[in-house]
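Participant: Structure file coords16.cif, mmCIF, C-alpha atoms and all ligand atoms, is pasted below:
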data_target
#
loop_
_atom_site.label_atom_id
_atom_site.label_comp_id
_atom_site.auth_asym_id
_atom_site.auth_seq_id
_atom_site.Cartn_x
_atom_site.Cartn_y
_atom_site.Cartn_z
CA MET C 1211 -1.26 -20.30 3.45
CA ASN C 1212 0.92 -22.48 1.30
CA ALA C 1213 4.10 -21.44 -0.52
CA ASP C 1214 2.92 -23.25 -3.69
CA VAL C 1215 0.68 -20.33 -4.61
CA PHE C 1216 3.67 -17.97 -4.52
CA ASP C 1217 5.85 -20.42 -6.46
CA SER C 1218 3.24 -20.58 -9.26
CA ALA C 1219 2.87 -16.81 -9.33
CA ALA C 1220 6.64 -16.32 -9.55
CA THR C 1221 6.83 -18.54 -12.64
CA VAL C 1222 5.00 -15.94 -14.76
CA LEU C 1223 7.48 -13.18 -13.94
CA PRO C 1224 9.96 -12.88 -16.81
CA PRO C 1225 13.71 -13.26 -16.09
CA VAL C 1226 14.20 -9.47 -16.29
CA CYS C 1227 12.36 -9.23 -12.95
CA PHE C 1228 15.15 -11.16 -11.26
CA GLU C 1229 18.11 -9.52 -13.05
CA GLN C 1230 18.61 -6.92 -10.35
CA PRO C 1231 16.58 -6.15 -7.22
CA PRO C 1232 14.11 -3.28 -7.64
CA VAL C 1233 15.22 -0.36 -5.46
CA CYS C 1234 11.71 -0.20 -4.05
CA GLY C 1235 8.45 -2.04 -4.50
CA LEU C 1236 5.13 -0.21 -4.69
CA ILE C 1237 1.59 -1.35 -4.02
CA LEU C 1238 -0.77 1.35 -5.21
CA GLY C 1239 -4.33 1.45 -3.90
CA SER C 1240 -7.59 3.12 -4.92
CA GLY C 1241 -6.93 5.93 -7.35
CA TRP C 1242 -3.14 5.92 -6.89
CA SER C 1243 -2.23 3.98 -10.04
CA GLU C 1244 -2.29 7.17 -12.09
CA SER C 1245 0.39 8.52 -9.78
CA LEU C 1246 3.13 6.53 -11.43
CA THR C 1247 5.50 8.23 -13.84
CA VAL C 1248 7.78 5.83 -15.67
CA ASP C 1249 10.67 6.37 -18.09
CA HIS C 1250 10.84 2.89 -19.48
CA ILE C 1251 8.72 -0.21 -18.89
CA LEU C 1252 10.71 -3.45 -18.65
CA ALA C 1253 7.79 -5.81 -17.98
CA ARG C 1254 4.03 -5.53 -17.53
CA ILE C 1255 1.65 -8.31 -16.56
CA PRO C 1256 -2.11 -8.07 -15.96
CA TYR C 1257 -3.10 -9.47 -12.57
CA ALA C 1258 -5.45 -11.90 -14.31
CA ASP C 1259 -2.34 -13.60 -15.78
CA ILE C 1260 -0.67 -14.03 -12.39
CA PRO C 1261 -1.86 -17.29 -10.80
CA GLY C 1262 -3.08 -16.81 -7.26
CA LEU C 1263 -3.44 -13.05 -7.70
CA GLY C 1264 -6.25 -12.65 -10.21
CA ALA C 1265 -8.02 -9.53 -11.40
CA SER C 1266 -9.18 -7.11 -8.72
CA THR C 1267 -12.94 -7.03 -8.33
CA VAL C 1268 -12.85 -3.40 -7.18
CA VAL C 1269 -13.45 -0.40 -9.44
CA GLY C 1270 -10.45 1.95 -9.38
CA HIS C 1271 -7.88 -0.83 -9.04
CA THR C 1272 -5.98 -1.12 -12.30
CA GLY C 1273 -4.72 -4.66 -11.83
CA GLU C 1274 -1.33 -4.60 -13.50
CA PHE C 1275 2.21 -5.41 -12.42
CA ARG C 1276 4.93 -3.19 -13.88
CA LEU C 1277 8.71 -3.41 -13.70
CA PHE C 1278 10.04 -0.03 -14.79
CA GLU C 1279 12.88 2.45 -14.74
CA ARG C 1280 12.60 5.95 -13.34
CA HIS C 1281 15.30 8.43 -12.31
CA GLY C 1282 17.87 5.86 -13.50
CA LEU C 1283 16.59 3.29 -10.97
CA ARG C 1284 14.58 0.12 -11.26
CA PHE C 1285 11.21 -0.21 -9.48
CA ALA C 1286 8.49 -2.84 -9.34
CA ALA C 1287 4.90 -1.71 -8.89
CA PHE C 1288 1.59 -3.42 -8.31
CA LEU C 1289 -1.11 -1.10 -9.63
CA GLY C 1290 -4.19 -2.04 -7.64
CA ARG C 1291 -4.56 -4.55 -4.85
CA ARG C 1292 -6.68 -7.44 -3.69
CA HIS C 1293 -8.50 -7.05 -0.39
CA TRP C 1294 -9.51 -9.41 2.42
CA TYR C 1295 -13.18 -8.55 1.82
CA GLU C 1296 -13.01 -9.89 -1.74
CA GLY C 1297 -13.26 -13.29 -0.07
CA ALA C 1298 -10.33 -15.09 -1.69
CA GLY C 1299 -8.30 -15.36 1.53
CA TRP C 1300 -4.96 -13.79 2.39
CA ALA C 1301 -2.87 -15.21 -0.45
CA PRO C 1302 -3.87 -12.72 -3.18
CA VAL C 1303 -3.69 -9.84 -0.68
CA VAL C 1304 -0.08 -10.45 0.27
CA LEU C 1305 1.16 -12.08 -2.93
CA PRO C 1306 2.58 -8.77 -4.26
CA VAL C 1307 4.73 -8.46 -1.14
CA GLU C 1308 6.08 -11.97 -1.56
CA LEU C 1309 6.83 -11.42 -5.25
CA LEU C 1310 8.66 -8.19 -4.42
CA ARG C 1311 10.61 -10.01 -1.71
CA ARG C 1312 11.56 -12.75 -4.17
CA MET C 1313 12.73 -10.10 -6.66
CA GLY C 1314 15.02 -8.86 -3.91
CA SER C 1315 13.29 -5.59 -3.08
CA THR C 1316 14.11 -4.53 0.46
CA CYS C 1317 11.82 -1.54 0.63
CA LEU C 1318 8.12 -1.04 0.05
CA LEU C 1319 5.79 1.91 -0.45
CA VAL C 1320 2.09 1.17 0.04
CA THR C 1321 -0.68 3.67 -0.75
CA ASN C 1322 -4.39 3.74 -0.07
CA ALA C 1323 -7.54 5.82 0.16
CA ALA C 1324 -8.82 6.34 3.68
CA GLY C 1325 -11.58 7.99 5.64
CA GLY C 1326 -10.49 10.82 7.90
CA ILE C 1327 -11.19 10.40 11.61
CA ASN C 1328 -8.99 13.18 12.95
CA PRO C 1329 -11.19 16.30 12.71
CA ALA C 1330 -8.17 18.30 11.55
CA PHE C 1331 -8.26 16.37 8.26
CA LYS C 1332 -10.25 17.26 5.20
CA PRO C 1333 -10.80 15.38 1.94
CA GLY C 1334 -7.73 15.61 -0.28
CA ASP C 1335 -5.25 15.64 2.62
CA LEU C 1336 -2.31 13.26 2.45
CA MET C 1337 -1.13 11.30 5.49
CA ALA C 1338 2.05 9.34 6.11
CA ILE C 1339 1.10 6.34 8.25
CA VAL C 1340 3.16 6.24 11.44
CA ASP C 1341 1.48 3.21 13.01
CA HIS C 1342 -1.68 1.17 12.67
CA ILE C 1343 -4.46 -0.56 14.58
CA ASN C 1344 -5.59 -3.87 13.16
CA THR C 1345 -9.25 -3.90 14.21
CA ILE C 1346 -10.07 -7.25 12.61
CA GLY C 1347 -7.97 -9.42 14.90
CA LEU C 1348 -6.73 -11.53 12.01
CA ASN C 1349 -3.57 -11.29 9.97
CA PRO C 1350 -1.84 -13.19 7.18
CA LEU C 1351 0.97 -14.47 9.39
CA ALA C 1352 -1.34 -16.92 11.18
CA GLY C 1353 -0.58 -20.47 10.10
CA PRO C 1354 2.75 -22.07 9.28
CA VAL C 1355 5.76 -19.73 9.37
CA MET C 1356 6.50 -19.04 5.71
CA PRO C 1357 10.12 -19.12 4.55
CA GLY C 1358 11.50 -15.58 4.41
CA TRP C 1359 8.74 -14.09 6.56
CA GLY C 1360 10.72 -13.84 9.76
CA THR C 1361 10.05 -15.46 13.09
CA ARG C 1362 6.95 -17.01 14.67
CA PHE C 1363 6.29 -13.85 16.70
CA PRO C 1364 7.41 -10.87 14.64
CA ASP C 1365 8.05 -7.59 16.41
CA GLN C 1366 5.71 -4.83 15.26
CA SER C 1367 7.16 -1.99 17.35
CA GLN C 1368 8.18 -0.09 14.26
CA VAL C 1369 6.47 -1.25 11.11
CA TYR C 1370 6.86 2.11 9.34
CA GLU C 1371 10.50 3.05 9.15
CA THR C 1372 11.46 6.52 10.35
CA ALA C 1373 14.02 7.08 7.59
CA MET C 1374 11.50 6.15 4.91
CA ARG C 1375 8.97 8.52 6.43
CA LYS C 1376 11.56 11.26 6.38
CA HIS C 1377 11.97 10.69 2.65
CA LEU C 1378 8.21 10.98 2.24
CA HIS C 1379 8.27 14.34 4.03
CA GLN C 1380 11.21 15.57 1.96
CA ALA C 1381 9.49 14.37 -1.20
CA ALA C 1382 6.29 16.15 -0.14
CA ALA C 1383 8.19 19.39 0.43
CA GLU C 1384 9.79 19.10 -3.02
CA ALA C 1385 6.41 18.32 -4.59
CA GLY C 1386 4.68 21.20 -2.82
CA ALA C 1387 2.36 18.76 -1.03
CA VAL C 1388 1.17 19.08 2.55
CA LEU C 1389 1.83 15.76 4.28
CA SER C 1390 0.41 15.01 7.74
CA GLU C 1391 1.11 11.99 9.88
CA GLY C 1392 -1.32 9.66 11.55
CA ILE C 1393 -2.42 6.27 12.76
CA TYR C 1394 -4.40 4.09 10.37
CA ALA C 1395 -7.16 1.76 11.58
CA PHE C 1396 -7.63 -1.30 9.37
CA THR C 1397 -11.14 -2.72 9.07
CA ALA C 1398 -12.26 -5.85 7.25
CA GLY C 1399 -14.76 -4.05 5.02
CA PRO C 1400 -16.53 -4.16 2.66
CA VAL C 1401 -18.97 -2.15 4.77
CA TYR C 1402 -18.02 1.36 5.68
CA GLU C 1403 -17.93 1.89 9.42
CA THR C 1404 -20.80 2.98 11.62
CA PRO C 1405 -20.53 6.36 13.37
CA ALA C 1406 -20.23 4.47 16.69
CA GLU C 1407 -17.28 2.47 15.35
CA ILE C 1408 -15.62 5.65 14.18
CA ARG C 1409 -16.04 7.23 17.62
CA ALA C 1410 -14.50 4.08 19.13
CA TYR C 1411 -11.54 4.13 16.71
CA ALA C 1412 -11.04 7.84 17.46
CA ARG C 1413 -10.76 7.01 21.17
CA MET C 1414 -8.32 4.24 20.33
CA GLY C 1415 -6.12 6.85 18.71
CA ALA C 1416 -6.84 6.36 15.01
CA ASP C 1417 -6.57 9.31 12.63
CA ALA C 1418 -7.84 7.53 9.53
CA VAL C 1419 -9.61 4.32 8.59
CA GLY C 1420 -9.46 1.99 5.63
CA MET C 1421 -9.81 -1.57 4.38
CA SER C 1422 -6.29 -2.33 3.21
CA THR C 1423 -2.55 -1.87 3.67
CA VAL C 1424 -2.14 -3.50 7.10
CA PRO C 1425 -2.03 -7.08 5.78
CA GLU C 1426 0.66 -6.18 3.26
CA VAL C 1427 2.82 -4.15 5.63
CA THR C 1428 2.50 -6.79 8.35
CA VAL C 1429 4.08 -9.37 6.04
CA ALA C 1430 6.61 -6.92 4.62
CA SER C 1431 7.79 -5.83 8.04
CA ALA C 1432 7.99 -9.42 9.31
CA ALA C 1433 10.06 -10.19 6.22
CA GLY C 1434 12.46 -7.39 7.15
CA MET C 1435 11.45 -4.88 4.47
CA ARG C 1436 11.68 -1.13 5.08
CA VAL C 1437 8.11 0.10 4.86
CA ALA C 1438 6.45 3.44 4.12
CA ALA C 1439 2.74 4.04 3.62
CA LEU C 1440 0.62 6.92 2.40
CA SER C 1441 -3.11 7.58 2.68
CA CYS C 1442 -5.14 9.99 0.63
CA ILE C 1443 -7.98 11.14 2.87
CA THR C 1444 -10.86 10.87 0.41
CA ASN C 1445 -13.76 11.58 2.77
CA MET C 1446 -14.44 12.20 6.40
CA ALA C 1447 -15.37 8.95 8.12
CA ALA C 1448 -18.93 7.96 8.99
CA GLY C 1449 -20.74 10.35 11.30
CA ILE C 1450 -18.17 13.13 10.95
CA SER C 1451 -19.61 14.83 7.91
CA GLY C 1452 -22.35 14.07 5.44
CA PRO C 1453 -24.98 11.39 5.81
CA HIS C 1454 -23.59 8.91 3.24
CA LEU C 1455 -20.32 7.40 2.07
CA SER C 1456 -19.70 5.94 -1.37
CA HIS C 1457 -16.87 4.42 -3.37
CA GLU C 1458 -17.67 6.90 -6.13
CA GLU C 1459 -16.89 9.77 -3.73
CA VAL C 1460 -13.60 8.05 -2.84
CA LEU C 1461 -12.60 7.71 -6.49
CA GLN C 1462 -13.73 11.25 -7.28
CA GLN C 1463 -11.43 12.63 -4.57
CA THR C 1464 -8.44 10.54 -5.68
CA ARG C 1465 -9.03 11.78 -9.24
CA SER C 1466 -8.86 15.39 -8.12
CA SER C 1467 -5.84 14.70 -5.91
CA ALA C 1468 -4.06 12.66 -8.61
CA PRO C 1469 -1.60 15.39 -9.72
CA ILE C 1470 -0.25 16.05 -6.21
CA MET C 1471 -0.20 12.33 -5.39
CA ALA C 1472 1.79 11.74 -8.59
CA ALA C 1473 4.26 14.49 -7.77
CA LEU C 1474 4.80 13.17 -4.24
CA VAL C 1475 5.34 9.56 -5.33
CA ASP C 1476 7.71 10.62 -8.09
CA LYS C 1477 9.81 12.80 -5.77
CA PHE C 1478 9.93 9.89 -3.32
CA LEU C 1479 11.25 7.59 -6.06
CA ALA C 1480 13.83 10.23 -7.00
CA ARG C 1481 14.99 10.47 -3.38
CA LEU C 1482 15.80 6.76 -3.37
CA ALA C 1483 18.66 7.61 -5.72
CA VAL C 1484 20.25 9.74 -2.99
CA PRO C 1485 23.16 7.63 -1.63
CA GLN C 1486 22.57 8.07 2.14
CA ILE C 1487 19.17 6.37 1.73
N1 LIG C 1501 -13.76 3.89 5.53
C1 LIG C 1501 -13.08 2.79 5.13
N2 LIG C 1501 -12.35 2.75 4.03
C2 LIG C 1501 -12.27 3.86 3.29
C3 LIG C 1501 -12.94 5.04 3.65
C4 LIG C 1501 -13.74 5.05 4.82
O1 LIG C 1501 -14.37 6.06 5.20
N3 LIG C 1501 -12.65 5.96 2.69
C5 LIG C 1501 -11.82 5.35 1.81
N4 LIG C 1501 -11.59 4.08 2.17
#
What do you get writing this file as structure tokens?
Facilitator:
Amino acid sequence: MNADVFDSAATVLPPVCFEQPPVCGLILGSGWSESLTVDHILARIPYADIPGLGASTVVGHTGEFRLFERHGLRFAAFLGRRHWYEGAGWAPVVLPVELLRRMGSTCLLVTNAAGGINPAFKPGDLMAIVDHINTIGLNPLAGPVMPGWGTRFPDQSQVYETAMRKHLHQAAAEAGAVLSEGIYAFTAGPVYETPAEIRAYARMGADAVGMSTVPEVTVASAAGMRVAALSCITNMAAGISGPHLSHEEVLQQTRSSAPIMAALVDKFLARLAVPQI
């Protein structure tokens, strides 16, 4: 990867984006974009207008950057994400993280839709990610060490910060949402997994599986950001229930879970105004 792509992307962000660091950055995955409540929008840019990012090719991903105020605080959100399987390399996948870092955001909330592996889960459940397994053996930090992205060999002992996860749990309690915890297995996609793969990931300790999030949080954590991540379990993973999986089913579940997802995210944003955070 080459820093030029990030430099070009940063040029389209208006000066208001650099006036004061957003309290937290958000990258909202499949079906989560509707979960954003804003008081006042300060800037909005379609992904197609951000060089190096480009419009998402995936249904359910809004594809808009928003700088906004909520609960008297400033936040920056990427509504929709690019994925490794879209075939454009790592740059568009992690570009939101780099733009947030350049805006001065030191914390990041990432959300996704995931398949449930843990049999205790059911569609509609929400899970705070406590750790992950990168099953693809590749990550965006390979290549030259990028300025601001930490050391050559970043520690990954605690990618998901305990204090941030505590805020997620407090936010869930305030929102009346049940929030479980679990380990997320990242796959390359775009295929859903085979039942044999799911059995293997279960033995490896995974509770849920999905095609996103890990690239972004890997960069964010290497760059020293405080990270939290949430999955909406949209279906049980291959071989656990039902003969078929479909993206339509995933979107359908996020649509029905949208109100509780919105309440949880909004309470989380409100909690960031609490001074001890
Ligand atoms: N597998 C991978 N990604 C997913 C799934 C799944 O079952 N559900 C939602 N995203």
Participant: Please return as number ranges by chain the residues found within 9 Å of ligand LIG 1501 (chain C), counting all atoms listed in the file.
Facilitator: C: 1240, 1322-1327, 1395-1403, 1418-1422, 1442-1448, 1455-1457, 1459-1461
Participant: If you measure from CA of Gly1290 (chain C) to CA of Glu1426 (chain C), what distance in Å do you get, rounded to one decimal?
Facilitator: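 A separation of 12.6 Å between them.
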Participant: Rank nothing, just name the residue among C:Glu1308, C:Lys1477, C:Pro1405, C:Trp1300 nearest to Gly1353 (chain C), using all atoms listed in the file.
Facilitator: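 Checking each candidate against Gly1353 (chain C), we get C:Trp1300 as the closest.
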Participant: Please list as a PyMOL selection string every residue within 12 Å of Glu1229 (chain C), counting all atoms listed in the file and excluding residues in the same chain fewer than 6 positions away.
Facilitator: chain C and resi 1223+1252+1277+1284+1312-1315
Participant: Export C-alpha atoms of the chosen residues as an mmCIF file, in the coordinates of the input?
Facilitator:
data_model
loop_
_atom_site.group_PDB
_atom_site.id
_atom_site.type_symbol
_atom_site.label_atom_id
_atom_site.label_comp_id
_atom_site.auth_asym_id
_atom_site.auth_seq_id
_atom_site.Cartn_x
_atom_site.Cartn_y
_atom_site.Cartn_z
ATOM 1 C CA LEU C 1223 7.480 -13.180 -13.940
ATOM 2 C CA LEU C 1252 10.710 -3.450 -18.650
ATOM 3 C CA LEU C 1277 8.710 -3.410 -13.700
ATOM 4 C CA ARG C 1284 14.580 0.120 -11.260
ATOM 5 C CA ARG C 1312 11.560 -12.750 -4.170
ATOM 6 C CA MET C 1313 12.730 -10.100 -6.660
ATOM 7 C CA GLY C 1314 15.020 -8.860 -3.910
ATOM 8 C CA SER C 1315 13.290 -5.590 -3.080
#
Participant: Would you compute the distance between CA of Phe1288 (chain C) and CA of Phe1275 (chain C)? Give it in Å to one decimal.
Facilitator: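 Separation between CA of Phe1288 (chain C) and CA of Phe1275 (chain C): 4.6 Å.
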Participant: At a cut-off of 8 Å around the point (1.8, -22.4, 6.2) (file coordinates), what residues fall inside when counting all atoms listed in the file? I'd like the answer as a PyMOL selection string.
Facilitator: chain C and resi 1211-1213+1353-1356
Participant: Would you pick out the contacts of Met1374 (chain C) at 8 Å or less, using only C-alpha atoms, so that residues sharing its chain but fewer than 5 positions from it are not included, and give the list as a list in words?
Facilitator: Arg1436, Val1437 and Ala1438 of chain C
Participant: Extract, using only C-alpha atoms, all DNA, RNA and protein residues at most 10 Å from Gln1380 (chain C), discarding same-chain residues fewer than 5 positions from it, and format them as an MDAnalysis selection string.
Facilitator: chainID C and resid 1374:1375 1385:1387 1389 1474 1477:1478 1481
Participant: Write the selection just made, keeping C-alpha atoms, as a compact mmCIF listing (two decimals), in the frame of the given file?
Facilitator:
# COMPACT_ATOMS: atom_id res chain seq x y z
CA MET C 1374 11.50 6.15 4.91
CA ARG C 1375 8.97 8.52 6.43
CA ALA C 1385 6.41 18.32 -4.59
CA GLY C 1386 4.68 21.20 -2.82
CA ALA C 1387 2.36 18.76 -1.03
CA LEU C 1389 1.83 15.76 4.28
CA LEU C 1474 4.80 13.17 -4.24
CA LYS C 1477 9.81 12.80 -5.77
CA PHE C 1478 9.93 9.89 -3.32
CA ARG C 1481 14.99 10.47 -3.38
Participant: When distances are computed from only C-alpha atoms, which of C:Gly1264, C:Ile1450, C:Pro1469, C:Leu1310 shows the smallest separation from Ala1406 (chain C)?
Facilitator: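 Comparing C:Gly1264, C:Ile1450, C:Pro1469, C:Leu1310 against Ala1406 (chain C), the winner is C:Ile1450.
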Participant: Under the rule that all atoms listed in the file are counted, which of C:Ser1431, C:Ser1245, C:Ser1466, C:Thr1221 is the nearest residue to Glu1371 (chain C)?
Facilitator: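 For Glu1371 (chain C), the nearest of the given residues is C:Ser1431.
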Participant: Quick one: region 1343-1366 of chain C with N, CA and C atoms, as a short mmCIF file (atom, residue, chain, number, x, y, z; two decimals), keeping the file's coordinate frame?
Facilitator:
data_model
loop_
_atom_site.label_atom_id
_atom_site.label_comp_id
_atom_site.auth_asym_id
_atom_site.auth_seq_id
_atom_site.Cartn_x
_atom_site.Cartn_y
_atom_site.Cartn_z
N ILE C 1343 -3.67 0.27 13.67
CA ILE C 1343 -4.46 -0.56 14.58
C ILE C 1343 -5.19 -1.57 13.69
N ASN C 1344 -4.91 -2.83 13.92
CA ASN C 1344 -5.59 -3.87 13.16
C ASN C 1344 -6.87 -4.23 13.91
N THR C 1345 -8.00 -3.70 13.46
CA THR C 1345 -9.25 -3.90 14.21
C THR C 1345 -9.87 -5.27 13.94
N ILE C 1346 -9.35 -6.02 12.97
CA ILE C 1346 -10.07 -7.25 12.61
C ILE C 1346 -9.56 -8.47 13.38
N GLY C 1347 -8.44 -8.32 14.07
CA GLY C 1347 -7.97 -9.42 14.90
C GLY C 1347 -7.46 -10.61 14.12
N LEU C 1348 -7.27 -10.45 12.85
CA LEU C 1348 -6.73 -11.53 12.01
C LEU C 1348 -5.60 -10.95 11.20
N ASN C 1349 -4.61 -11.78 10.88
CA ASN C 1349 -3.57 -11.29 9.97
C ASN C 1349 -2.96 -12.44 9.20
N PRO C 1350 -2.30 -12.13 8.09
CA PRO C 1350 -1.84 -13.19 7.18
C PRO C 1350 -0.68 -14.02 7.71
N LEU C 1351 -0.14 -13.68 8.87
CA LEU C 1351 0.97 -14.47 9.39
C LEU C 1351 0.49 -15.67 10.23
N ALA C 1352 -0.82 -15.75 10.47
CA ALA C 1352 -1.34 -16.92 11.18
C ALA C 1352 -1.14 -18.14 10.28
N GLY C 1353 -0.85 -19.26 10.89
CA GLY C 1353 -0.58 -20.47 10.10
C GLY C 1353 0.90 -20.75 10.12
N PRO C 1354 1.33 -21.70 9.28
CA PRO C 1354 2.75 -22.07 9.28
C PRO C 1354 3.64 -20.86 9.02
N VAL C 1355 4.82 -20.83 9.62
CA VAL C 1355 5.76 -19.73 9.37
C VAL C 1355 6.31 -19.92 7.95
N MET C 1356 6.08 -18.91 7.11
CA MET C 1356 6.50 -19.04 5.71
C MET C 1356 7.99 -18.70 5.59
N PRO C 1357 8.70 -19.43 4.73
CA PRO C 1357 10.12 -19.12 4.55
C PRO C 1357 10.31 -17.67 4.12
N GLY C 1358 11.21 -16.97 4.79
CA GLY C 1358 11.50 -15.58 4.41
C GLY C 1358 10.63 -14.56 5.11
N TRP C 1359 9.64 -15.03 5.91
CA TRP C 1359 8.74 -14.09 6.56
C TRP C 1359 9.06 -13.91 8.05
N GLY C 1360 10.30 -14.14 8.40
CA GLY C 1360 10.72 -13.84 9.76
C GLY C 1360 10.33 -14.93 10.74
N THR C 1361 10.21 -14.50 11.99
CA THR C 1361 10.05 -15.46 13.09
C THR C 1361 8.57 -15.75 13.36
N ARG C 1362 8.33 -16.67 14.28
CA ARG C 1362 6.95 -17.01 14.67
C ARG C 1362 6.21 -15.78 15.23
N PHE C 1363 6.93 -14.99 16.03
CA PHE C 1363 6.29 -13.85 16.70
C PHE C 1363 6.99 -12.56 16.30
N PRO C 1364 6.68 -12.05 15.12
CA PRO C 1364 7.41 -10.87 14.64
C PRO C 1364 7.12 -9.62 15.48
N ASP C 1365 8.17 -8.87 15.72
CA ASP C 1365 8.05 -7.59 16.41
C ASP C 1365 7.33 -6.60 15.48
N GLN C 1366 6.43 -5.83 16.07
CA GLN C 1366 5.71 -4.83 15.26
C GLN C 1366 5.89 -3.43 15.88
#
